[in-house]
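Engineer: Submitted below is the structure of interest, expressed as structure tokens.
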There are 2 protein chains.
Amino acid sequence: MNRTKAFSNFTRRDLLSLIGATAGGAVMYQAMTNLGHAAESGYKGPVKLEGDPKGATVLILGAGLAGMTAALEMRQAGYNVKILEYNDRPGGRNWTVHGGDKFTEIDGTTQTCEFDKDQYINLGPWRIPYHHHAVLDYCKRLGVQLEPFQQLNYNAFLHSTEAFGGKPQRIRDVKVDFQSHSAGLLAKATKKGGLDELVTKEDQEILLEAMRSWGVLDENFNYVKSIHTAEFRGYEKDPGGGVGAKPVPSDPYKFEDLLRSNLWQYLSNFSLYEFQTTMFQPVGGMGVIGQAFAKEVGDLITYQCKVIKIQQNDKGVTVTYEDVANPGTVKEESADWCICTIPLPILAQIETNLSSEMKGAIAAVPYVSSVKFGLQFKRRFWEEDEHIFGGISFTNLPIGQISYPSTNYNMGGKGVLLGGYTWNGPNSYEFTSLSPADRVAKAVEYGAEIHPQYKEEFENGVTWAWHRSPYTLGCAGDWTDEMREEHYQNLCKIDGRVVLAGEHCSYIPGWQEGAILSSLDAITRLHERVIKG
Amino acid sequence: MNRTKAFSNFTRRDLLSLIGATAGGAVMYQAMTNLGHAAESGYKGPVKLEGDPKGATVLILGAGLAGMTAALEMRQAGYNVKILEYNDRPGGRNWTVHGGDKFTEIDGTTQTCEFDKDQYINLGPWRIPYHHHAVLDYCKRLGVQLEPFQQLNYNAFLHSTEAFGGKPQRIRDVKVDFQSHSAGLLAKATKKGGLDELVTKEDQEILLEAMRSWGVLDENFNYVKSIHTAEFRGYEKDPGGGVGAKPVPSDPYKFEDLLRSNLWQYLSNFSLYEFQTTMFQPVGGMGVIGQAFAKEVGDLITYQCKVIKIQQNDKGVTVTYEDVANPGTVKEESADWCICTIPLPILAQIETNLSSEMKGAIAAVPYVSSVKFGLQFKRRFWEEDEHIFGGISFTNLPIGQISYPSTNYNMGGKGVLLGGYTWNGPNSYEFTSLSPADRVAKAVEYGAEIHPQYKEEFENGVTWAWHRSPYTLGCAGDWTDEMREEHYQNLCKIDGRVVLAGEHCSYIPGWQEGAILSSLDAITRLHERVIKG
């Protein structure tokens with residue numbers, strides 16, 4: 001029996017117990033860390049590209065986060081780097097819109113944002129999970145200051161036109177009542193012997209106490225109106241100060257009403273690893289990250305270059321592009337290697353001599369359709385009237401959600417809401433059957449069903465349909481397990497002198513972390529090939 | 001049958017349904033608001049003290065938030081106001097400690113804080129719930145900038161010396177697994193008919209789907225290792241980018257291990273109304289609020305006045321105090337009215353001719369014993385090594401909890417942890433059997449069981465025992481329902497020309513909101529009496 005095999009029968013937890021039994025906490029912690037009990041990340045700290053590339057040239061297509069990450073690290077490693085970008089700004093989907101910004105969808109409809117100074121909307125990515133280590137490390141290295149992004153706000157709303165007479169419910173009430181009623185039922189089923197085949201008698205005793213604590217149950221395992229339950233679901237009248245201060249508890253909802261409301265479907269969302277506290281956003285908007293990258297590599301970027309052809313042979317890669325600022329002017333750029341971060345729906349339309357496997361992969365992956373809205377209001381009524389500070393209200397209306405700004409809390413003044421965010425489905429296309437102005441009007445109309453103040457307070461708004469963006473034709477790679485099986489490795493492998501990068505070349509589609517990690521992986525492999533010669 | 005009675009049989013929800021059936025959303029919202037469906041707060045916006053007090057004088061005892069609120073509003077209303085404060089600074093328990101600050105407990109032990117510039121610890125209140133409307137409104141009016149306080153961080157730890165071999169567990173794992181296993185058991189009990197007497201067949205069908213969603217259950221209602229469950233509890237290996245990016249799911253804990261760990265006892269804490277998102281802290285420390293009040297009313301405060309006697313008659317109130325800066329020097333101050341915010345354990349020792357009812361109330365309410373620790377470390381290892389950004393780890397060790405700073409995230413450098421926080425119980429007194437230096441050493445020793453890096457990274461620390469504070473002799477009023485029944489109204493009512501205020505005169509003990517609301521209530525009642533003459 002060889003040693004490796006013996007070890008594999010010995011589980012990691014066994015090993016940890018053994019170490020724990022014979023050593024102190026510090027050793028234990030080290031062991032735990034070394035064995036990777038904490039989730040192993042694809043990011044191992046700043047990439048190290050060792051060895052001299054001897055003046056090799058690299059042409060990067062796309063100045064989004066994947067492209068700029070590659071540029072930053074490869075120049076540092078000694079490459080001669082150039083970037084061609086179709087748009088007239090850096091960042092790609094990393095994009096914060098401010099007053100005065102202009103942007104155009106594929107039909108030529110141009111919008112000009114009319115927000116006040118200091119107001120903004122992130123039309124691309126808008127939040128950073130705590131475990132997106134690569135994004136966080138680049139923020140640190142590039143001096144991007146972060147502040148918490150509130151994903152879950154107990155005081156925001158869950159809303160369904162089909163439930164509670166269309167009246168928005170506080171997330172707090174639904175979340176606390178749902179958990180407590182579930183705990184109450186489980187406790188009662190336990191008392192009645194319903195778990196006798198599943199849980200030992202001894203554990204049932206603990207389970208009952210746990211349900212009482214977790215579910216705020218009374219001595220008979222009922223979840224009922226009381227000061228105790230109000231300490232969780234909130235009060236009819238909050239506790240106060242002075243002579244009239246005695247609090248009044250609130251009425252829990254009946255479980256059957258919650259079940260039939262279907263509002264429980266939003267609850268699991270709050271526990272997603274991607275959305276757990278602590279989340280972040282850069283101070284000043286997500287676009288600050290793109291700007292920070294551009295501060296480093298902006299000198300390498302040529303803007304308004306629409307790539308129309310990518311040809312490679314065993315000597316190098318030649319990219320043909322149109323200079324969009326001078327329509328009809330076609331230019332060429334050549335390099336030893338090419339890193340292509342062009343989104344797949346665009347890349348699929350470009351003439352290339354890539355391998356058939358890679359072409360197949362490029363053609364196979366559809367992109368998510370998505371529409372976002374930024375709406376400016378005269379005052380922050382959600383804070384002033386409803387005490388909602390950050391977070392998201394969810395609704396079955398076509399806007400899907402309303403997100404409140406996670407910054408400048410409690411200071412009054414104007415504010416911009418994310419007034420809607422669709423992700424695939426008919427809503428994306430129904431909105432884009434309308435002009436941007438009509439889309440915004442529609443989002444305001446829907447939002448007013450949740451916040452009647454919309455009608456009085458709305459000032460101006462913008463909308464962006466990612467599937468109608470000339471630069472992406474979609475929001476993010478929309479992979480299925482089957483597609484991954486067939487195409488993922490073909491998409492990621494180095495094809496002659498070309499390698500792809502971007503969120504579509506990752507298992508974290510639609511997130512900046514995917515873009516950066518895919519880029520680091522691509523340049524690491526490319527560099528190895530270059531150094532080997 | 002009179003009209004009021006008829007109405008009382010007609011529930012609020014009935015009325016809302018009626019309105020909902022006949023009117024649009026906006027009317028519905030108005031009705032909802034008018035009927036107070038959103039929790040009714042004791043704070044109705046800035047207090048209005050109308051009518052001329054004709055030069056009446058008011059002496060306020062204590063320059064904490066209650067005292068300064070009273071001073072601010074009463075001067076505004078036309079009173080002649082003075083404040084006497086025992087301590088040498090404003091704010092009272094609202095107190096942020098910085099490097100260079102000195103403070104002394106009742107035995108004369110003085111500590112000098114050695115933190116670096118820009119580091120701080122809140123030794124008093126440290127967080128503001130979103131529904132503490134009075135605190136939030138004063139922050140707004142006084143220009144105090146807020147940032148989110150992270151109460152729940154899924155990536156912080158739950159730790160018990162009695163569970164999992166003493167190894168800290170991520171809150172994420174315990175929280176997600178506990179909920180999912182509970183959902184799985186409830187689903188199975190349902191399938192087996194265990195709920196047939198409690199839930200209709202139709203609702204059981206919805207319940208099963210709800211448990212599947214909420215509990216991340218598979219098709220057989222099992223909670224098992226899978227990519228789907230990893231999307232909630234995290235991965236063994238996170239999804240990444242490029243060729244080796246495929247994620248590896250993690251192993252859920254067995255429910256019996258969670259039940260026996262007792263770590264579930266911490267879970268209900270995360271749902272408390274007081275601790276729900278979004279919570280706040282002032283940028284720069286909680287003490288910024290006290291400073292902001294002092295900017296308004298600092299000119300009214302005389303510091304280092306230790307009150308030793310309060311005497312009133314039908315003409316006015318005379319307060320005798322020692323000028324602590326000149327020991328033995330006794331002075332007097334008289335006024336028409338007195339607002340006394342002195343904490344009860346101190347007030348109980350002062351000679352007064354208050355009514356026996358009020359004296360009885362003052363003597364009846366014990367104060368919470370509490371010790372806090374602020375520990376400075378060379379680097380923010382909790383962020384750099386463990387990816388914990390803000391939030392709290394809970395432990396059964398005497399320190400009770402470790403809270404990570406909710407500010408300056410991800411920028412490296414030094415940091416200060418709340419290294420322990422006791423609330424009543426033997427731990428408070430066991431710590432205070434030690435000198436401050438030994439207490440800090442002990443907190444570091446305990447903390448190292450959770451974060452072994454403590455040993456290497458600790459630099460210096462401070463501790464404060466509220467029950468040994470010369471200014472309070474305790475942390476907050478420790479009311480029981482029985483005490484409230486007997487004494488609360490006697491404590492709050494105007495006694496001749498004296499009225500009390502402070503968190504002890506509220507149903508929100510230990511919170512700044514209680515102090516401010518009690519003060520607003522006291523001055524409103526006092527003003528009415530003054531105006532009536």
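All residue names refer to the structure tokens as shown: chains lettered A, B, ... in order, residues numbered from 1 in each chain, ligands numbered from 1 in order.
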Can you pull out the residues contacting segment 289-301 of chain B? Cut-off 7 Å, using only C-alpha atoms, and skip same-chain residues under 3 positions away; I want them as a PyMOL selection string.
Structural biologist: chain B and resi 65+68+71-72+81-85+90-91+94+139+142+144+286
Engineer: Would you pick out the contacts of segment 438-445 of chain B at 7 Å or less, using only C-alpha atoms, so that residues sharing its chain but fewer than 6 positions from it are not included, and give the list as a ChimeraX atom specification?
Structural biologist: /B:399,419-420,431,454,461-463
Engineer: Provide the atom CA of Leu258 of chain B to atom CA of His181 of chain A distance in Å, to one decimal place.
Structural biologist: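 Result for atom CA of Leu258 of chain B versus atom CA of His181 of chain A: 20.7 Å, one decimal.
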Engineer: Mind checking which residues fall within 10 Å of Arg529 of chain A, counting only C-alpha atoms, ignoring those fewer than 4 positions away in the same chain, and posting them as a short mmCIF file (atom, residue, chain, number, x, y, z; two decimals) with all heavy atoms, in the first residue's frame?
Structural biologist:
data_model
loop_
_atom_site.label_atom_id
_atom_site.label_comp_id
_atom_site.auth_asym_id
_atom_site.auth_seq_id
_atom_site.Cartn_x
_atom_site.Cartn_y
_atom_site.Cartn_z
N PRO A 53 10.97 37.88 -21.88
CA PRO A 53 10.26 37.64 -23.15
C PRO A 53 11.02 38.21 -24.36
O PRO A 53 10.56 38.09 -25.48
CB PRO A 53 8.92 38.35 -22.94
CG PRO A 53 9.19 39.43 -21.95
CD PRO A 53 10.29 38.92 -21.06
N ILE A 494 -4.74 28.04 -25.69
CA ILE A 494 -4.03 28.91 -26.63
C ILE A 494 -4.18 28.32 -28.03
O ILE A 494 -3.90 27.15 -28.25
CB ILE A 494 -2.55 29.03 -26.25
CG1 ILE A 494 -2.42 29.62 -24.84
CG2 ILE A 494 -1.81 29.91 -27.26
CD1 ILE A 494 -1.01 29.66 -24.30
N ARG A 497 -1.21 31.54 -31.91
CA ARG A 497 -0.62 32.71 -31.25
C ARG A 497 -1.69 33.61 -30.62
O ARG A 497 -1.42 34.75 -30.27
CB ARG A 497 0.20 33.50 -32.28
CG ARG A 497 1.42 32.73 -32.71
CD ARG A 497 2.24 33.38 -33.78
NE ARG A 497 3.56 32.73 -33.81
CZ ARG A 497 4.61 33.14 -33.11
NH1 ARG A 497 4.53 34.21 -32.36
NH2 ARG A 497 5.75 32.48 -33.17
N ILE A 523 -2.51 34.87 -19.53
CA ILE A 523 -1.16 35.43 -19.73
C ILE A 523 -0.10 34.54 -19.09
O ILE A 523 1.03 34.47 -19.58
CB ILE A 523 -1.04 36.88 -19.20
CG1 ILE A 523 -1.24 36.97 -17.69
CG2 ILE A 523 -2.02 37.80 -19.93
CD1 ILE A 523 -1.00 38.37 -17.12
N THR A 524 -0.46 33.83 -18.03
CA THR A 524 0.50 32.91 -17.42
C THR A 524 0.84 31.79 -18.40
O THR A 524 2.01 31.44 -18.61
CB THR A 524 -0.10 32.31 -16.12
OG1 THR A 524 -0.43 33.39 -15.24
CG2 THR A 524 0.89 31.38 -15.44
N ARG A 525 -0.18 31.24 -19.05
CA ARG A 525 0.07 30.16 -20.02
C ARG A 525 0.80 30.69 -21.25
O ARG A 525 1.72 30.06 -21.77
CB ARG A 525 -1.27 29.51 -20.42
CG ARG A 525 -1.83 28.60 -19.32
CD ARG A 525 -3.14 27.96 -19.74
NE ARG A 525 -4.25 28.91 -19.75
CZ ARG A 525 -5.05 29.15 -20.78
NH1 ARG A 525 -4.89 28.49 -21.91
NH2 ARG A 525 -6.02 30.03 -20.68
N GLY A 533 9.83 29.19 -25.88
CA GLY A 533 10.28 29.48 -27.22
C GLY A 533 9.73 28.51 -28.25
O GLY A 533 9.05 27.54 -27.94
#
Engineer: Would you give me, as a Markdown table, each residue of chain A having an atom within 6 Å of an atom of chain B, along with its shortest atom pair and that distance in Å to one decimal, using only C-alpha atoms and sorting by chain and residue number?
Structural biologist:
| residue | atom | partner | partner_atom | distance |
| --- | --- | --- | --- | --- |
| A:Gly25 | CA | B:Glu449 | CA | 5.7 |
| A:Ala26 | CA | B:Pro452 | CA | 5.0 |
| A:Ala39 | CA | B:Glu236 | CA | 5.0 |
| A:Glu40 | CA | B:Lys237 | CA | 4.4 |
| A:Ser41 | CA | B:Asp238 | CA | 5.2 |
| A:Gly42 | CA | B:Gly240 | CA | 5.0 |
| A:Lys140 | CA | B:Met411 | CA | 5.6 |
| A:Asn153 | CA | B:Thr277 | CA | 5.1 |
| A:Tyr154 | CA | B:Thr277 | CA | 5.8 |
| A:Leu186 | CA | B:Leu186 | CA | 5.3 |
| A:Ala189 | CA | B:Gly194 | CA | 5.6 |
| A:Gly194 | CA | B:Gly194 | CA | 5.1 |
| A:Trp214 | CA | B:Ser268 | CA | 4.9 |
| A:Glu231 | CA | B:Tyr273 | CA | 5.6 |
| A:Phe232 | CA | B:Leu272 | CA | 4.4 |
| A:Gly234 | CA | B:Tyr273 | CA | 5.8 |
| A:Tyr235 | CA | B:Ala39 | CA | 5.7 |
| A:Glu236 | CA | B:Ala39 | CA | 5.0 |
| A:Lys237 | CA | B:Glu40 | CA | 4.4 |
| A:Asp238 | CA | B:Ser41 | CA | 5.2 |
| A:Pro239 | CA | B:Tyr507 | CA | 5.2 |
| A:Gly240 | CA | B:Gly42 | CA | 5.0 |
| A:Gly241 | CA | B:Ser506 | CA | 3.9 |
| A:Gly242 | CA | B:Ser518 | CA | 4.5 |
| A:Val243 | CA | B:Cys492 | CA | 5.9 |
| A:Ser268 | CA | B:Trp214 | CA | 4.9 |
| A:Ser271 | CA | B:Phe232 | CA | 5.9 |
| A:Leu272 | CA | B:Phe232 | CA | 4.4 |
| A:Tyr273 | CA | B:Phe232 | CA | 4.7 |
| A:Thr277 | CA | B:Asn153 | CA | 5.1 |
| A:Thr278 | CA | B:Asn153 | CA | 5.8 |
| A:Met411 | CA | B:Lys140 | CA | 5.6 |
| A:Glu449 | CA | B:Gly25 | CA | 5.8 |
| A:Pro452 | CA | B:Ala26 | CA | 5.1 |
| A:Cys492 | CA | B:Gly242 | CA | 5.7 |
| A:Cys505 | CA | B:Gly242 | CA | 5.6 |
| A:Ser506 | CA | B:Gly241 | CA | 3.9 |
| A:Tyr507 | CA | B:Pro239 | CA | 5.3 |
| A:Gly514 | CA | B:Gly241 | CA | 5.4 |
| A:Leu517 | CA | B:Gly241 | CA | 4.6 |
| A:Ser518 | CA | B:Gly241 | CA | 3.9 |
| A:Asp521 | CA | B:Gly242 | CA | 5.4 |
Engineer: Going by DSSP on the backbone, which bits of segment 366-430 of chain B are strand (DSSP E)? Write them as a compact mmCIF listing (two decimals) with all heavy atoms, in the first residue's frame, please.
Structural biologist:
# COMPACT_ATOMS: atom_id res chain seq x y z
N VAL B 371 -17.37 45.15 30.15
CA VAL B 371 -15.97 45.46 29.87
C VAL B 371 -15.75 45.42 28.37
O VAL B 371 -16.25 44.52 27.69
CB VAL B 371 -15.02 44.44 30.54
CG1 VAL B 371 -13.56 44.82 30.32
CG2 VAL B 371 -15.32 44.32 32.03
N LYS B 372 -15.03 46.40 27.87
CA LYS B 372 -14.69 46.43 26.44
C LYS B 372 -13.18 46.54 26.26
O LYS B 372 -12.48 47.05 27.14
CB LYS B 372 -15.38 47.62 25.76
CG LYS B 372 -16.80 47.33 25.32
CD LYS B 372 -17.41 48.54 24.63
CE LYS B 372 -18.11 48.16 23.34
NZ LYS B 372 -18.73 49.32 22.68
N PHE B 373 -12.74 46.08 25.12
CA PHE B 373 -11.31 46.08 24.80
C PHE B 373 -11.08 46.65 23.42
O PHE B 373 -11.80 46.32 22.48
CB PHE B 373 -10.77 44.64 24.78
CG PHE B 373 -10.84 43.94 26.10
CD1 PHE B 373 -11.97 43.22 26.47
CD2 PHE B 373 -9.77 43.98 26.98
CE1 PHE B 373 -12.04 42.57 27.69
CE2 PHE B 373 -9.82 43.32 28.20
CZ PHE B 373 -10.97 42.62 28.56
N GLY B 374 -10.05 47.48 23.29
CA GLY B 374 -9.60 47.93 21.97
C GLY B 374 -8.15 47.50 21.79
O GLY B 374 -7.29 47.87 22.59
N LEU B 375 -7.89 46.69 20.76
CA LEU B 375 -6.56 46.13 20.57
C LEU B 375 -6.00 46.54 19.21
O LEU B 375 -6.64 46.29 18.17
CB LEU B 375 -6.62 44.59 20.64
CG LEU B 375 -7.33 43.97 21.86
CD1 LEU B 375 -7.36 42.45 21.72
CD2 LEU B 375 -6.64 44.39 23.16
N GLN B 376 -4.83 47.16 19.21
CA GLN B 376 -4.22 47.55 17.94
C GLN B 376 -3.25 46.48 17.46
O GLN B 376 -2.45 45.94 18.24
CB GLN B 376 -3.49 48.89 18.09
CG GLN B 376 -2.80 49.32 16.77
CD GLN B 376 -2.18 50.70 16.85
OE1 GLN B 376 -2.88 51.69 17.06
NE2 GLN B 376 -0.88 50.78 16.67
N PHE B 377 -3.31 46.18 16.17
CA PHE B 377 -2.43 45.17 15.56
C PHE B 377 -1.62 45.80 14.43
O PHE B 377 -2.06 46.76 13.80
CB PHE B 377 -3.26 44.00 15.03
CG PHE B 377 -3.93 43.22 16.12
CD1 PHE B 377 -5.19 43.59 16.59
CD2 PHE B 377 -3.28 42.15 16.73
CE1 PHE B 377 -5.81 42.90 17.63
CE2 PHE B 377 -3.89 41.45 17.77
CZ PHE B 377 -5.15 41.82 18.22
N ILE B 392 -18.59 40.55 13.12
CA ILE B 392 -18.28 40.10 14.48
C ILE B 392 -18.11 38.59 14.49
O ILE B 392 -18.91 37.87 13.89
CB ILE B 392 -19.41 40.49 15.45
CG1 ILE B 392 -19.65 42.00 15.43
CG2 ILE B 392 -19.12 40.01 16.87
CD1 ILE B 392 -20.85 42.46 16.24
N SER B 393 -17.06 38.11 15.16
CA SER B 393 -16.95 36.69 15.50
C SER B 393 -17.42 36.51 16.93
O SER B 393 -17.09 37.32 17.80
CB SER B 393 -15.50 36.21 15.37
OG SER B 393 -15.12 36.15 14.01
N PHE B 394 -18.19 35.44 17.15
CA PHE B 394 -18.70 35.17 18.49
C PHE B 394 -18.02 33.93 19.07
O PHE B 394 -17.71 32.99 18.34
CB PHE B 394 -20.22 34.97 18.45
CG PHE B 394 -20.97 36.21 18.09
CD1 PHE B 394 -21.27 36.50 16.76
CD2 PHE B 394 -21.36 37.11 19.06
CE1 PHE B 394 -21.94 37.66 16.41
CE2 PHE B 394 -22.04 38.28 18.73
CZ PHE B 394 -22.34 38.55 17.40
N THR B 395 -17.80 33.93 20.37
CA THR B 395 -17.10 32.83 21.02
C THR B 395 -17.64 32.60 22.42
O THR B 395 -18.17 33.53 23.03
CB THR B 395 -15.58 33.13 21.08
OG1 THR B 395 -14.93 32.14 21.88
CG2 THR B 395 -15.30 34.51 21.69
N GLN B 401 -16.85 38.19 22.12
CA GLN B 401 -16.87 38.51 20.69
C GLN B 401 -15.63 39.29 20.29
O GLN B 401 -14.95 39.88 21.13
CB GLN B 401 -18.12 39.29 20.31
CG GLN B 401 -18.38 40.53 21.13
CD GLN B 401 -19.75 41.15 20.81
OE1 GLN B 401 -19.92 41.83 19.82
NE2 GLN B 401 -20.73 40.87 21.64
N ILE B 402 -15.35 39.24 19.01
CA ILE B 402 -14.29 40.05 18.40
C ILE B 402 -14.95 40.77 17.24
O ILE B 402 -15.52 40.14 16.36
CB ILE B 402 -13.12 39.20 17.88
CG1 ILE B 402 -12.41 38.49 19.04
CG2 ILE B 402 -12.14 40.05 17.08
CD1 ILE B 402 -11.35 37.49 18.59
N SER B 403 -14.87 42.11 17.25
CA SER B 403 -15.47 42.86 16.15
C SER B 403 -14.38 43.52 15.32
O SER B 403 -13.45 44.11 15.85
CB SER B 403 -16.45 43.89 16.68
OG SER B 403 -16.93 44.69 15.62
N GLY B 415 -4.67 48.12 12.30
CA GLY B 415 -6.09 48.15 12.59
C GLY B 415 -6.33 47.90 14.06
O GLY B 415 -5.48 47.34 14.76
N VAL B 416 -7.50 48.34 14.53
CA VAL B 416 -7.90 48.12 15.92
C VAL B 416 -9.14 47.24 15.93
O VAL B 416 -10.13 47.53 15.26
CB VAL B 416 -8.19 49.46 16.63
CG1 VAL B 416 -8.89 49.23 17.97
CG2 VAL B 416 -6.90 50.24 16.84
N LEU B 417 -9.06 46.15 16.68
CA LEU B 417 -10.21 45.28 16.89
C LEU B 417 -10.89 45.62 18.21
O LEU B 417 -10.21 45.99 19.18
CB LEU B 417 -9.78 43.81 16.98
CG LEU B 417 -9.12 43.19 15.76
CD1 LEU B 417 -8.85 41.71 16.03
CD2 LEU B 417 -10.00 43.34 14.54
N LEU B 418 -12.22 45.45 18.24
CA LEU B 418 -12.88 45.33 19.53
C LEU B 418 -12.56 43.92 19.99
O LEU B 418 -13.09 42.93 19.46
CB LEU B 418 -14.39 45.53 19.38
CG LEU B 418 -15.20 45.34 20.67
CD1 LEU B 418 -14.97 46.50 21.63
CD2 LEU B 418 -16.69 45.20 20.38
N GLY B 419 -11.64 43.81 20.95
CA GLY B 419 -11.09 42.50 21.31
C GLY B 419 -11.88 41.74 22.35
O GLY B 419 -11.51 40.62 22.72
N GLY B 420 -12.99 42.33 22.79
CA GLY B 420 -13.84 41.66 23.76
C GLY B 420 -14.92 42.62 24.21
O GLY B 420 -14.74 43.84 24.17
N TYR B 421 -16.05 42.07 24.58
CA TYR B 421 -17.19 42.89 25.01
C TYR B 421 -18.06 42.01 25.89
O TYR B 421 -18.74 41.12 25.39
CB TYR B 421 -17.94 43.38 23.77
CG TYR B 421 -19.15 44.28 24.01
CD1 TYR B 421 -19.34 44.94 25.22
CD2 TYR B 421 -20.09 44.48 23.00
CE1 TYR B 421 -20.44 45.76 25.42
CE2 TYR B 421 -21.20 45.30 23.19
CZ TYR B 421 -21.36 45.93 24.40
OH TYR B 421 -22.46 46.74 24.60
